[in-house]
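So this one's structure_26.txt, compact mmCIF, C-alpha atoms:
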```txt
# COMPACT_ATOMS: atom_id res chain seq x y z
CA MET A 15 0.00 0.00 0.00
CA HIS A 16 1.43 3.40 -0.93
CA SER A 17 1.54 6.00 1.83
CA SER A 18 -0.92 8.20 -0.05
CA GLU A 19 -3.36 5.29 0.07
CA ALA A 20 -2.84 4.50 3.76
CA MET A 21 -5.99 4.06 5.74
CA THR A 22 -6.88 4.64 9.35
CA MET A 23 -5.51 1.88 11.54
CA THR A 24 -7.29 0.81 14.71
CA ILE A 25 -5.84 -1.40 17.40
CA ARG A 26 -8.37 -2.56 19.96
CA ASN A 27 -7.84 -3.90 23.44
CA VAL A 28 -9.61 -4.14 26.78
CA GLY A 29 -8.94 -0.50 27.70
CA ASP A 30 -11.86 1.91 27.70
CA LYS A 31 -9.92 5.01 26.60
CA LYS A 32 -9.51 5.81 22.92
CA ILE A 33 -6.42 7.65 21.67
CA LEU A 34 -6.00 9.15 18.22
CA LEU A 35 -2.41 9.41 16.99
CA VAL A 36 -1.90 11.84 14.11
CA GLU A 37 1.59 11.12 12.78
CA ASP A 38 3.01 10.89 9.26
CA ASP A 39 5.98 8.66 10.15
CA GLU A 40 4.82 5.05 9.71
CA LEU A 41 7.56 3.53 11.89
CA PHE A 42 6.81 5.98 14.69
CA ARG A 43 3.06 5.20 14.46
CA LYS A 44 3.83 1.48 14.77
CA ALA A 45 6.14 2.02 17.74
CA VAL A 46 3.52 4.09 19.58
CA CYS A 47 0.82 1.51 18.83
CA ASP A 48 3.07 -1.28 20.12
CA CYS A 49 3.65 0.69 23.31
CA LEU A 50 0.03 1.64 23.99
CA SER A 51 -2.09 -1.18 22.55
CA GLU A 52 -2.22 -3.22 25.76
CA ARG A 53 -3.75 -0.33 27.71
CA TYR A 54 -5.72 1.76 25.23
CA GLU A 55 -7.69 1.61 22.01
CA ILE A 56 -5.49 3.29 19.41
CA ASP A 57 -6.61 4.86 16.13
CA THR A 58 -4.02 6.34 13.79
CA VAL A 59 -4.08 8.64 10.79
CA GLU A 60 -1.15 10.10 8.90
CA SER A 61 -2.45 13.61 8.20
CA ALA A 62 -4.40 16.43 9.81
CA GLU A 63 -6.88 16.30 6.95
CA LYS A 64 -7.67 12.66 7.77
CA ALA A 65 -7.89 13.58 11.45
CA LEU A 66 -10.56 16.18 10.61
CA ARG A 67 -12.59 13.44 8.91
CA TYR A 68 -12.07 11.22 11.97
CA PHE A 69 -13.45 13.97 14.24
CA GLU A 70 -16.66 14.13 12.18
CA THR A 71 -17.80 11.04 14.12
CA GLY A 72 -16.68 12.48 17.45
CA PRO A 73 -13.42 13.03 19.30
CA PRO A 74 -11.18 10.44 20.94
CA ASP A 75 -10.49 10.57 24.66
CA LEU A 76 -6.98 11.89 23.99
CA LEU A 77 -5.13 13.26 20.96
CA LEU A 78 -1.45 12.57 20.28
CA LEU A 79 -0.59 15.08 17.56
CA ASP A 80 2.58 15.56 15.55
CA ILE A 81 3.19 19.22 14.79
CA ASN A 82 5.11 18.83 11.56
CA LEU A 83 2.67 17.10 9.22
CA PRO A 84 2.47 17.24 5.42
CA GLY A 85 -0.26 19.62 4.31
CA MET A 86 -2.04 21.10 7.30
CA SER A 87 0.23 21.37 10.36
CA GLY A 88 -0.71 20.07 13.79
CA ILE A 89 -1.07 23.64 15.07
CA GLU A 90 -3.49 24.49 12.22
CA PHE A 91 -5.44 21.32 13.01
CA LEU A 92 -5.73 22.33 16.68
CA SER A 93 -7.05 25.74 15.73
CA LYS A 94 -9.80 24.07 13.67
CA ILE A 95 -10.99 21.71 16.43
CA ASN A 96 -10.32 23.82 19.53
CA SER A 97 -13.62 25.70 19.59
CA LYS A 98 -15.69 22.51 19.55
CA TRP A 99 -13.45 20.27 21.66
CA ALA A 100 -11.56 22.70 23.92
CA ASP A 101 -11.50 20.20 26.81
CA LEU A 102 -9.89 17.41 24.78
CA PRO A 103 -6.54 16.34 26.27
CA VAL A 104 -3.84 16.95 23.66
CA ILE A 105 -0.21 15.86 23.71
CA LEU A 106 1.91 17.45 21.03
CA VAL A 107 4.71 15.36 19.56
CA THR A 108 7.64 17.17 18.02
CA ALA A 109 11.22 16.84 16.91
CA LEU A 110 13.90 18.67 18.88
CA GLU A 111 14.27 21.44 16.29
CA GLU A 112 10.58 22.32 16.62
CA ALA A 113 10.63 22.44 20.41
CA ARG A 114 11.06 26.22 20.66
CA LEU A 115 7.91 26.77 18.56
CA VAL A 116 6.04 24.37 20.83
CA VAL A 117 7.19 26.12 24.00
CA ASP A 118 5.80 29.40 22.66
CA PHE A 119 2.53 27.68 21.76
CA LEU A 120 2.24 25.91 25.11
CA GLN A 121 2.36 29.24 26.90
CA LEU A 122 -0.95 30.01 25.23
CA GLU A 123 -2.59 26.60 25.66
CA THR A 124 -2.87 23.98 28.38
CA LEU A 125 -1.25 21.18 26.40
CA ASP A 126 1.59 18.80 27.01
CA CYS A 127 4.49 18.07 24.69
CA LEU A 128 6.83 15.16 24.00
CA VAL A 129 10.07 15.78 22.13
CA LYS A 130 11.21 12.92 19.88
CA PRO A 131 12.83 10.61 20.66
CA PHE A 132 11.19 9.71 23.98
CA SER A 133 10.88 6.50 25.98
CA SER A 134 7.77 4.36 26.19
CA LYS A 135 7.78 5.00 29.94
CA LYS A 136 7.67 8.76 29.38
CA LEU A 137 4.87 8.36 26.81
CA LEU A 138 2.76 6.28 29.19
CA ARG A 139 3.38 8.65 32.11
CA THR A 140 2.45 11.69 30.01
CA ILE A 141 -0.78 10.05 28.81
CA GLU A 142 -1.72 8.94 32.32
CA ASN A 143 -1.12 12.47 33.63
CA ALA A 144 -3.25 13.95 30.82
CA PHE A 145 -6.14 11.63 31.70
CA LYS A 146 -5.82 12.47 35.42
CA ALA A 147 -5.88 16.20 34.68
CA ASN A 148 -9.22 15.94 32.85
```
As structure tokens, please, write out the structure in this file.
Amino acid sequence: MHSSEAMTMTIRNVGDKKILLVEDDELFRKAVCDCLSERYEIDTVESAEKALRYFETGPPDLLLLDINLPGMSGIEFLSKINSKWADLPVILVTALEEARLVVDFLQLETLDCLVKPFSSKKLLRTIENAFKAN
């Protein structure tokens, strides 16, 4: 399957929380799914445009969102959904070189951020903290 033809992937488990991962890097998506699939239901899409279509049926319980996406950026995506789902827990995922942009953005929003690369332990702790805060 070519990346332009990639479809939404869902991994189900016994967990009752649904996480949407919006990430264009296929290997990173797989690694996150491997880490989280025993605890949460994971849906993935590779673009913000596909995430907008996903949200048409309702939001997940938590959004893991890459900032640097092809087409619409993660920040643009957030601005489109924020008015309707302002209480949605969001964890931004970014590369080190984008971290300064994220810090500026986080001062305006109550979001969390993970800088790639990060450990599975840090990912799980950040998600658990986001769920506790809401």
Could you produce a table of the residues of region 69-116 of chain A lying within 8 Å of region 33-42 of chain A, with the nearest pair of atoms per residue and their separation in Å rounded to one decimal, using all atoms listed in the file, ordered by chain and increasing residue number, as a tab-separated table?
```
residue	atom	partner	partner_atom	distance
A:Pro74	CA	A:Ile33	CA	5.6
A:Asp75	CA	A:Ile33	CA	5.8
A:Leu76	CA	A:Ile33	CA	4.9
A:Leu77	CA	A:Leu34	CA	5.0
A:Leu78	CA	A:Leu35	CA	4.7
A:Leu79	CA	A:Val36	CA	4.9
A:Asp80	CA	A:Glu37	CA	5.3
A:Leu83	CA	A:Asp38	CA	6.2
A:Pro84	CA	A:Asp38	CA	7.4
```
Polymer residues at most 10 Å from Lys146 (chain A), all atoms listed in the file, same-chain spacing of 5 or more positions, as a VMD selection string: chain A and resid 103 140 to 141
Can you write out the residues you just picked, keeping C-alpha atoms, as a PDB file, keeping the file's coordinate frame?
```
ATOM      1  CA  PRO A 103      -6.540  16.340  26.270  1.00  0.00           C
ATOM      2  CA  THR A 140       2.450  11.690  30.010  1.00  0.00           C
ATOM      3  CA  ILE A 141      -0.780  10.050  28.810  1.00  0.00           C
TER       4      ILE A 141
END
```
Nearby residues (all atoms listed in the file) at most 12 Å from Pro131 (chain A), same-chain spacing under 3 positions excluded, as a PyMOL selection string: chain A and resi 42+45-46+107-111+127-128+134-137
Between CA of Leu50 (chain A) and CA of Val104 (chain A), distance in Å (one decimal):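 Here the two named atoms are 15.8 Å from each other.
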Residues within 12 Å of Lys98 (chain A), only C-alpha atoms, excluding chain neighbours under 4 positions, as a PyMOL selection string: chain A and resi 69-70+72-73+92-94+102
Since we have the selection now, will you write its residues out, keeping C-alpha atoms, as a PDB file, in the coordinates of the input?
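Result written to out35.pdb:
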```pdb
ATOM      1  CA  PHE A  69     -13.450  13.970  14.240  1.00  0.00           C
ATOM      2  CA  GLU A  70     -16.660  14.130  12.180  1.00  0.00           C
ATOM      3  CA  GLY A  72     -16.680  12.480  17.450  1.00  0.00           C
ATOM      4  CA  PRO A  73     -13.420  13.030  19.300  1.00  0.00           C
ATOM      5  CA  LEU A  92      -5.730  22.330  16.680  1.00  0.00           C
ATOM      6  CA  SER A  93      -7.050  25.740  15.730  1.00  0.00           C
ATOM      7  CA  LYS A  94      -9.800  24.070  13.670  1.00  0.00           C
ATOM      8  CA  LEU A 102      -9.890  17.410  24.780  1.00  0.00           C
TER       9      LEU A 102
END
```
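Using all atoms listed in the file, the shortest contact distance between Leu125 (chain A) and any of A:Leu138, A:Cys47, A:Ala147, A:Ile95 is found at A:Ala147.
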Point-to-point distance in Å for CA of Glu63 (chain A) and CA of Phe91 (chain A):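 Those two atoms sit 8.0 Å apart.
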Interatomic distance (Å, one decimal) between CA of Lys32 (chain A) and CA of Ile89 (chain A): 21.2 Å
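Distance annotation: of A:Glu142, A:Asp48, A:Asp101, A:Glu60, the residue with the minimal separation from Gly85 (chain A) is A:Glu60; atom set is only C-alpha atoms.
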Top pick for closest residue to Ala144 (chain A), considering A:Leu106, A:Ile56, A:Leu66, A:Ile81 and counting all atoms listed in the file: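 Among A:Leu106, A:Ile56, A:Leu66, A:Ile81, it is A:Leu106 that comes nearest to Ala144 (chain A).
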Which of A:Met86, A:Ile105, A:Val129, A:Ala100 sits closest to Ala62 (chain A) [using all atoms listed in the file]: A:Met86
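Among A:Lys64, A:Asp126, A:Gly88, A:Asp30, the residue with the shortest atom-to-atom distance to Ser51 (chain A), counting only C-alpha atoms, is A:Asp30.
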